[in-house]
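Trainee: Before I ask anything, let me first share the structure, which is written out below as structure tokens.
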Amino acid sequence: MLGALPGRFGIGSAEAALAFDLNESFAAGHVRRLAEELSRQDFVKPSIPLPESYRQIGYDRYRDIRFRTDQAIWRGERLDFELQLLPMGWLYEVPVEIWLVESQRAKRVAVDKSLFSFGPLVGDVGNGAPYGFSGFRVHGPINRPDYFDECVVFQGASYFRAVGRRQTHGLSARGLTIDTARPGGEEFPIFRSFWIEKPEPGERTLTVHALLDSRSTTGAYKLVIEPGAATIIDVQATLFPRRVLTHVGLGALTSMFLHGPGHHRIDDDFRPAVHDSDGLAILNGNGECIWRPLTNPRTLQASAFMDRSPRGFGLCQRARNFHNFEDLEARYERRPSVWIEPKGGWGQGYVELIEIPTTEEIHDNIVAYWKPAKGPAPGTPFSFAYRMYWGDEIPIAWAGAKVVATRVGNGPRDGTFLFVVDFAGPAVAGQKERPIAMVTSNPGTIANVSVHENPEIDGTRVSFELDPRGAELCELRMALSLGDRQISESWLYRWTQA
């Protein structure tokens with residue numbers, strides 16, 4: 001098998017993609033061996049020659065190509081999972097292999113037009129359509145025992161996304177980021193092949209193996225998926241770098257923030273807020289809880305939160321009321337928060353937050369990941385593991401106060417800005433003793449700090465004024481304390497000139 005790697009991965013013709021299913025053994029270490037062998041070859045992007053009529057398929061025509069639900073893999077087998085395959089087309093030009101694993105045998109799923117229906121918008125795209133697969137989605141009884149809803153999707157580069165119970169899709173995860181927001185341009189690794197293990201009857205988890213490939217590295221991934229109120233995905237990965245990875249991101253998340261009460265550079269929208277996530281949460285290696293509200297700046301911003309062996313981080317949606325958004329179609333209040341919980345010590349490094357300017361909600365403009373201080377080097381496997389939680393809340397049992405809202409408006413004097421931040425949680429519920437708010441800005445000055453009870457949330461409201469004093473950027477920090485003890489998250493905010 002390994003000796004056949006050049007042909008095995010060198011998809012170069014429609015005939016190769018339409019070949020009869022391959023059948024091979026599959027045992028522990030199978031994908032790792034493939035990744036290691038592939039790393040000794042130059043990267044060749046998988047491709048299939050497509051007719052011109054198919055390559056020009058746009059968004060609406062692509063949506064008119066639908067997987068036939070009656071053809072769902074494992075349908076009628078009394079399992080807790082079904083699979084639906086996704087076609088190539090529109091943005092998805094890279095073919096991926098889909099393998100089904102049962103009894104230590106792997107069988108590649110062949111492209112078959114009968115798996116899909118082609119609506120009137122598609123027109124004549126040729127007899128071979130859809131020519132290849134671009135990914136797959138997992139369905140299960142996540143909301144009702146008698147109906148299989150979509151709960152996980154793998155499609156495009158190394159992107160995947162999931163939902164918990166009663167949620168709608170929002171932010172995405174990525175298997176790996178390379179050189180994000182770096183001057184030379186970003187590299188987008190791809191999952192080029194998937195092996196999906198058939199679960200046993202009654203089994204609540206689904207195991208997916210993925211082979212990652214890019215110009216700079218290959219990788220073997222194992223993802224164990226457990227849908228539920230919060231869908232949990234355990235990720236194990238080993239990279240085999242082709243070059244030194246000087247700026248690699250682990251546990252990467254990609255989201256969208258257009259505007260909200262804490263940052264409204266976009267002010268001509270009828271909706272109070274538009275975002276999949278409203279903040280970055282971090283539980284660092286020292287046990288400090290950090291909340292950084294997201295912004296949509298006028299210029300690209302990169303923020304680094306230095307740490308050693310972080311306990312967790314994630315992009316969160318804390319606005320959970322319909323009236324936060326007033327959007328009957330998007331239902332942003334139902335978007336998941338995603339928490340990354342490292343397994344084992346991740347050592348020295350930092351959580352990096354990238355905020356990219358955007359004027360449309362169709363673009364993901366937020367990226368967060370862990371950047372290790374020492375990048376993986378060629379010739380040495382680099383392994384890491386983490387657990388992901390896709391749900392309404394981040395899984396931290398903590399009695400401190402968390403930030404539930406950040407609001408920003410013009411201050412009483414020209415050139416000043418008023419901040420209003422609400423905290424809620426056991427540490428401030430009941431207000432037996434009013435906490436003290438410590439607020440700093442670098443540069444800039446802070447004035448008129450006020451702390452008072454907010455009975456609407458059984459919590460505390462802090463307001464203050466910022467005078468940037470001509471600065472283009474100010475780093476703000478605030479926390480609540482009682483005596484010599486901090487009782488709240490550390491609220492961090494990067495103010496930039498709108």
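Naming scheme: A, B, ... for chains in displayed order of the structure tokens; residues 1 onward per chain; ligands 1 onward as shown.
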If we count only C-alpha atoms and set the cut-off at 9 Å, which residues sit around region 276-283 of chain A, ignoring sequence neighbours fewer than 6 positions away in its own chain? Please answer as a PDB file with N, CA and C atoms, in the first residue's frame.

Mentor:
```pdb
ATOM      1  N   HIS A 169     -25.749  26.328  12.870  1.00  0.00           N
ATOM      2  CA  HIS A 169     -24.320  26.450  12.558  1.00  0.00           C
ATOM      3  C   HIS A 169     -23.867  27.901  12.591  1.00  0.00           C
ATOM      4  N   GLY A 170     -22.667  28.119  13.116  1.00  0.00           N
ATOM      5  CA  GLY A 170     -22.066  29.438  13.167  1.00  0.00           C
ATOM      6  C   GLY A 170     -20.596  29.354  12.845  1.00  0.00           C
ATOM      7  N   LEU A 171     -19.746  29.490  13.862  1.00  0.00           N
ATOM      8  CA  LEU A 171     -18.310  29.486  13.621  1.00  0.00           C
ATOM      9  C   LEU A 171     -17.821  28.111  13.188  1.00  0.00           C
ATOM     10  N   SER A 255     -14.521  32.723  12.987  1.00  0.00           N
ATOM     11  CA  SER A 255     -15.872  33.190  13.240  1.00  0.00           C
ATOM     12  C   SER A 255     -16.125  34.524  12.531  1.00  0.00           C
ATOM     13  N   MET A 256     -17.294  35.107  12.815  1.00  0.00           N
ATOM     14  CA  MET A 256     -17.694  36.369  12.199  1.00  0.00           C
ATOM     15  C   MET A 256     -18.196  37.340  13.253  1.00  0.00           C
ATOM     16  N   PHE A 257     -17.683  38.568  13.203  1.00  0.00           N
ATOM     17  CA  PHE A 257     -18.209  39.661  14.017  1.00  0.00           C
ATOM     18  C   PHE A 257     -18.320  40.883  13.118  1.00  0.00           C
ATOM     19  N   LEU A 258     -19.564  41.328  12.890  1.00  0.00           N
ATOM     20  CA  LEU A 258     -19.789  42.524  12.071  1.00  0.00           C
ATOM     21  C   LEU A 258     -19.972  43.753  12.947  1.00  0.00           C
ATOM     22  N   GLY A 260     -21.922  45.162  17.040  1.00  0.00           N
ATOM     23  CA  GLY A 260     -22.681  44.899  18.251  1.00  0.00           C
ATOM     24  C   GLY A 260     -22.578  46.093  19.166  1.00  0.00           C
ATOM     25  N   GLY A 262     -20.848  46.631  21.686  1.00  0.00           N
ATOM     26  CA  GLY A 262     -19.489  46.928  22.128  1.00  0.00           C
ATOM     27  C   GLY A 262     -18.589  47.452  21.035  1.00  0.00           C
ATOM     28  N   CYS A 289      -9.136  33.929  34.431  1.00  0.00           N
ATOM     29  CA  CYS A 289     -10.161  33.940  33.392  1.00  0.00           C
ATOM     30  C   CYS A 289     -10.141  35.291  32.684  1.00  0.00           C
ATOM     31  N   ILE A 290     -10.049  35.262  31.372  1.00  0.00           N
ATOM     32  CA  ILE A 290      -9.955  36.478  30.568  1.00  0.00           C
ATOM     33  C   ILE A 290     -11.120  36.522  29.595  1.00  0.00           C
ATOM     34  N   TRP A 291     -11.693  37.716  29.443  1.00  0.00           N
ATOM     35  CA  TRP A 291     -12.741  37.942  28.436  1.00  0.00           C
ATOM     36  C   TRP A 291     -12.337  39.128  27.574  1.00  0.00           C
ATOM     37  N   ARG A 292     -12.226  38.873  26.285  1.00  0.00           N
ATOM     38  CA  ARG A 292     -11.841  39.910  25.330  1.00  0.00           C
ATOM     39  C   ARG A 292     -12.968  40.079  24.321  1.00  0.00           C
ATOM     40  N   PRO A 293     -13.802  41.157  24.437  1.00  0.00           N
ATOM     41  CA  PRO A 293     -14.846  41.389  23.440  1.00  0.00           C
ATOM     42  C   PRO A 293     -14.246  41.526  22.044  1.00  0.00           C
ATOM     43  N   LEU A 294     -14.956  40.991  21.048  1.00  0.00           N
ATOM     44  CA  LEU A 294     -14.493  41.080  19.667  1.00  0.00           C
ATOM     45  C   LEU A 294     -14.866  42.428  19.067  1.00  0.00           C
ATOM     46  N   THR A 295     -14.103  42.840  18.058  1.00  0.00           N
ATOM     47  CA  THR A 295     -14.377  44.081  17.343  1.00  0.00           C
ATOM     48  C   THR A 295     -14.232  43.844  15.841  1.00  0.00           C
ATOM     49  N   PHE A 305      -1.874  36.761  23.552  1.00  0.00           N
ATOM     50  CA  PHE A 305      -2.062  36.582  24.990  1.00  0.00           C
ATOM     51  C   PHE A 305      -1.062  35.519  25.447  1.00  0.00           C
ATOM     52  N   PRO A 310      -1.895  26.618  28.592  1.00  0.00           N
ATOM     53  CA  PRO A 310      -3.239  27.147  28.853  1.00  0.00           C
ATOM     54  C   PRO A 310      -4.210  26.031  29.216  1.00  0.00           C
ATOM     55  N   ARG A 311      -5.178  26.374  30.044  1.00  0.00           N
ATOM     56  CA  ARG A 311      -6.186  25.388  30.428  1.00  0.00           C
ATOM     57  C   ARG A 311      -7.342  25.359  29.438  1.00  0.00           C
ATOM     58  N   GLY A 312      -7.505  26.436  28.688  1.00  0.00           N
ATOM     59  CA  GLY A 312      -8.559  26.449  27.686  1.00  0.00           C
ATOM     60  C   GLY A 312      -8.730  27.822  27.069  1.00  0.00           C
ATOM     61  N   PHE A 313      -9.320  27.848  25.893  1.00  0.00           N
ATOM     62  CA  PHE A 313      -9.673  29.107  25.238  1.00  0.00           C
ATOM     63  C   PHE A 313     -10.774  28.820  24.224  1.00  0.00           C
ATOM     64  N   GLY A 314     -11.467  29.863  23.810  1.00  0.00           N
ATOM     65  CA  GLY A 314     -12.521  29.648  22.826  1.00  0.00           C
ATOM     66  C   GLY A 314     -13.186  30.932  22.396  1.00  0.00           C
ATOM     67  N   LEU A 315     -13.892  30.857  21.275  1.00  0.00           N
ATOM     68  CA  LEU A 315     -14.727  31.950  20.792  1.00  0.00           C
ATOM     69  C   LEU A 315     -16.151  31.668  21.228  1.00  0.00           C
ATOM     70  N   CYS A 316     -16.773  32.671  21.864  1.00  0.00           N
ATOM     71  CA  CYS A 316     -18.049  32.439  22.540  1.00  0.00           C
ATOM     72  C   CYS A 316     -19.125  33.396  22.045  1.00  0.00           C
ATOM     73  N   GLN A 317     -20.349  32.925  22.128  1.00  0.00           N
ATOM     74  CA  GLN A 317     -21.530  33.742  21.875  1.00  0.00           C
ATOM     75  C   GLN A 317     -22.284  33.849  23.199  1.00  0.00           C
ATOM     76  N   ARG A 318     -22.147  34.990  23.878  1.00  0.00           N
ATOM     77  CA  ARG A 318     -22.819  35.159  25.162  1.00  0.00           C
ATOM     78  C   ARG A 318     -24.161  35.869  25.031  1.00  0.00           C
ATOM     79  N   ALA A 319     -24.389  36.535  23.920  1.00  0.00           N
ATOM     80  CA  ALA A 319     -25.698  37.147  23.674  1.00  0.00           C
ATOM     81  C   ALA A 319     -26.653  36.035  23.253  1.00  0.00           C
ATOM     82  N   TYR A 332     -28.932  34.424  15.270  1.00  0.00           N
ATOM     83  CA  TYR A 332     -27.573  34.440  15.817  1.00  0.00           C
ATOM     84  C   TYR A 332     -27.529  34.033  17.283  1.00  0.00           C
ATOM     85  N   GLU A 333     -28.640  34.188  17.991  1.00  0.00           N
ATOM     86  CA  GLU A 333     -28.643  33.821  19.408  1.00  0.00           C
ATOM     87  C   GLU A 333     -28.510  32.315  19.612  1.00  0.00           C
ATOM     88  N   ARG A 334     -28.641  31.534  18.536  1.00  0.00           N
ATOM     89  CA  ARG A 334     -28.534  30.082  18.629  1.00  0.00           C
ATOM     90  C   ARG A 334     -27.180  29.553  18.148  1.00  0.00           C
ATOM     91  N   ARG A 335     -26.245  30.438  17.858  1.00  0.00           N
ATOM     92  CA  ARG A 335     -24.939  29.998  17.368  1.00  0.00           C
ATOM     93  C   ARG A 335     -24.112  29.433  18.524  1.00  0.00           C
ATOM     94  N   PRO A 336     -23.336  28.387  18.271  1.00  0.00           N
ATOM     95  CA  PRO A 336     -22.583  27.763  19.370  1.00  0.00           C
ATOM     96  C   PRO A 336     -21.370  28.568  19.798  1.00  0.00           C
ATOM     97  N   SER A 337     -21.021  28.434  21.065  1.00  0.00           N
ATOM     98  CA  SER A 337     -19.693  28.793  21.550  1.00  0.00           C
ATOM     99  C   SER A 337     -18.820  27.547  21.418  1.00  0.00           C
ATOM    100  N   TRP A 339     -15.209  25.804  22.853  1.00  0.00           N
ATOM    101  CA  TRP A 339     -14.143  25.837  23.849  1.00  0.00           C
ATOM    102  C   TRP A 339     -13.106  24.785  23.511  1.00  0.00           C
ATOM    103  N   VAL A 351      -2.066  32.549  22.895  1.00  0.00           N
ATOM    104  CA  VAL A 351      -3.315  32.556  22.134  1.00  0.00           C
ATOM    105  C   VAL A 351      -3.292  33.810  21.272  1.00  0.00           C
ATOM    106  N   LEU A 353      -5.328  36.262  18.603  1.00  0.00           N
ATOM    107  CA  LEU A 353      -6.628  36.670  18.082  1.00  0.00           C
ATOM    108  C   LEU A 353      -6.393  37.586  16.893  1.00  0.00           C
ATOM    109  N   ILE A 366     -12.805  36.682  11.995  1.00  0.00           N
ATOM    110  CA  ILE A 366     -12.203  36.454  13.309  1.00  0.00           C
ATOM    111  C   ILE A 366     -11.503  35.101  13.308  1.00  0.00           C
ATOM    112  N   ALA A 368      -8.895  32.637  15.928  1.00  0.00           N
ATOM    113  CA  ALA A 368      -8.210  32.463  17.212  1.00  0.00           C
ATOM    114  C   ALA A 368      -7.571  31.079  17.242  1.00  0.00           C
ATOM    115  N   ILE A 394     -19.317  27.799  28.050  1.00  0.00           N
ATOM    116  CA  ILE A 394     -18.016  27.156  28.142  1.00  0.00           C
ATOM    117  C   ILE A 394     -17.972  26.321  29.421  1.00  0.00           C
ATOM    118  N   ILE A 396     -16.612  25.660  32.285  1.00  0.00           N
ATOM    119  CA  ILE A 396     -15.762  26.035  33.411  1.00  0.00           C
ATOM    120  C   ILE A 396     -16.630  26.188  34.653  1.00  0.00           C
TER     121      ILE A 396
END
```

Trainee: What are the closest atom pairs, with distances in Å to one decimal, for all residues of region 371-468 of chain A lying within 12 Å of region 212-231 of chain A? Consider only C-alpha atoms, order rows by chain and residue number, and present the result as CSV.

Mentor:
```
residue,atom,partner,partner_atom,distance
A:Gly375,CA,A:Thr217,CA,11.9
A:Pro376,CA,A:Thr217,CA,9.5
A:Ala377,CA,A:Thr217,CA,9.7
A:Pro378,CA,A:Thr217,CA,8.4
A:Gly379,CA,A:Thr217,CA,10.7
A:Thr380,CA,A:Thr217,CA,11.3
A:Pro381,CA,A:Gly219,CA,9.1
A:Phe382,CA,A:Gly219,CA,9.0
A:Ser383,CA,A:Gly219,CA,9.3
A:Phe384,CA,A:Tyr221,CA,9.9
A:Ala385,CA,A:Lys222,CA,9.5
A:Tyr386,CA,A:Leu223,CA,9.9
A:Arg387,CA,A:Val224,CA,9.4
A:Met388,CA,A:Thr231,CA,8.0
A:Tyr389,CA,A:Thr231,CA,5.9
A:Trp390,CA,A:Thr231,CA,5.0
A:Gly391,CA,A:Ala230,CA,4.3
A:Asp392,CA,A:Ala230,CA,7.3
A:Glu393,CA,A:Ala230,CA,8.5
A:Ile394,CA,A:Ala230,CA,9.5
A:Pro395,CA,A:Ala230,CA,9.4
```

Trainee: Using only C-alpha atoms, pick whichever of A:Phe148, A:Phe423, A:Phe136, A:Phe270 has the shortest atom-to-atom distance to Glu456 (chain A).

Mentor: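 Ranking A:Phe148, A:Phe423, A:Phe136, A:Phe270 by distance to Glu456 (chain A), first place goes to A:Phe423.
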
Trainee: Write out as a Markdown table the residues of region 370-406 of chain A that have any atom within 12 Å of an atom of region 457-466 of chain A, one row each with the nearest atom pair and its distance in Å to one decimal, counting only C-alpha atoms, sorted by chain and then rising number.

Mentor:
```
| residue | atom | partner | partner_atom | distance |
| --- | --- | --- | --- | --- |
| A:Gly400 | CA | A:Gly459 | CA | 11.4 |
| A:Ala401 | CA | A:Gly459 | CA | 8.3 |
| A:Lys402 | CA | A:Gly459 | CA | 9.6 |
| A:Val403 | CA | A:Thr460 | CA | 9.6 |
| A:Val404 | CA | A:Ile457 | CA | 9.1 |
| A:Ala405 | CA | A:Arg461 | CA | 9.4 |
| A:Thr406 | CA | A:Val462 | CA | 9.8 |
```

Trainee: Excluding same-chain residues fewer than 4 positions from Ala28 (chain A), what lies within 10 Å of it counting only C-alpha atoms, as a ChimeraX atom specification?

Mentor: /A:32-33,104

Trainee: Enumerate the residues of region 83-260 of chain A with a DSSP assignment of strand (DSSP E or B), computed from the backbone, and present them as a PyMOL selection string.

Mentor: chain A and resi 83-87+89+92+96-102+105-108+116-118+133-144+147-155+159-162+172-174+177-178+187+190-197+206-213+217-226+231-241+248-255+257-260
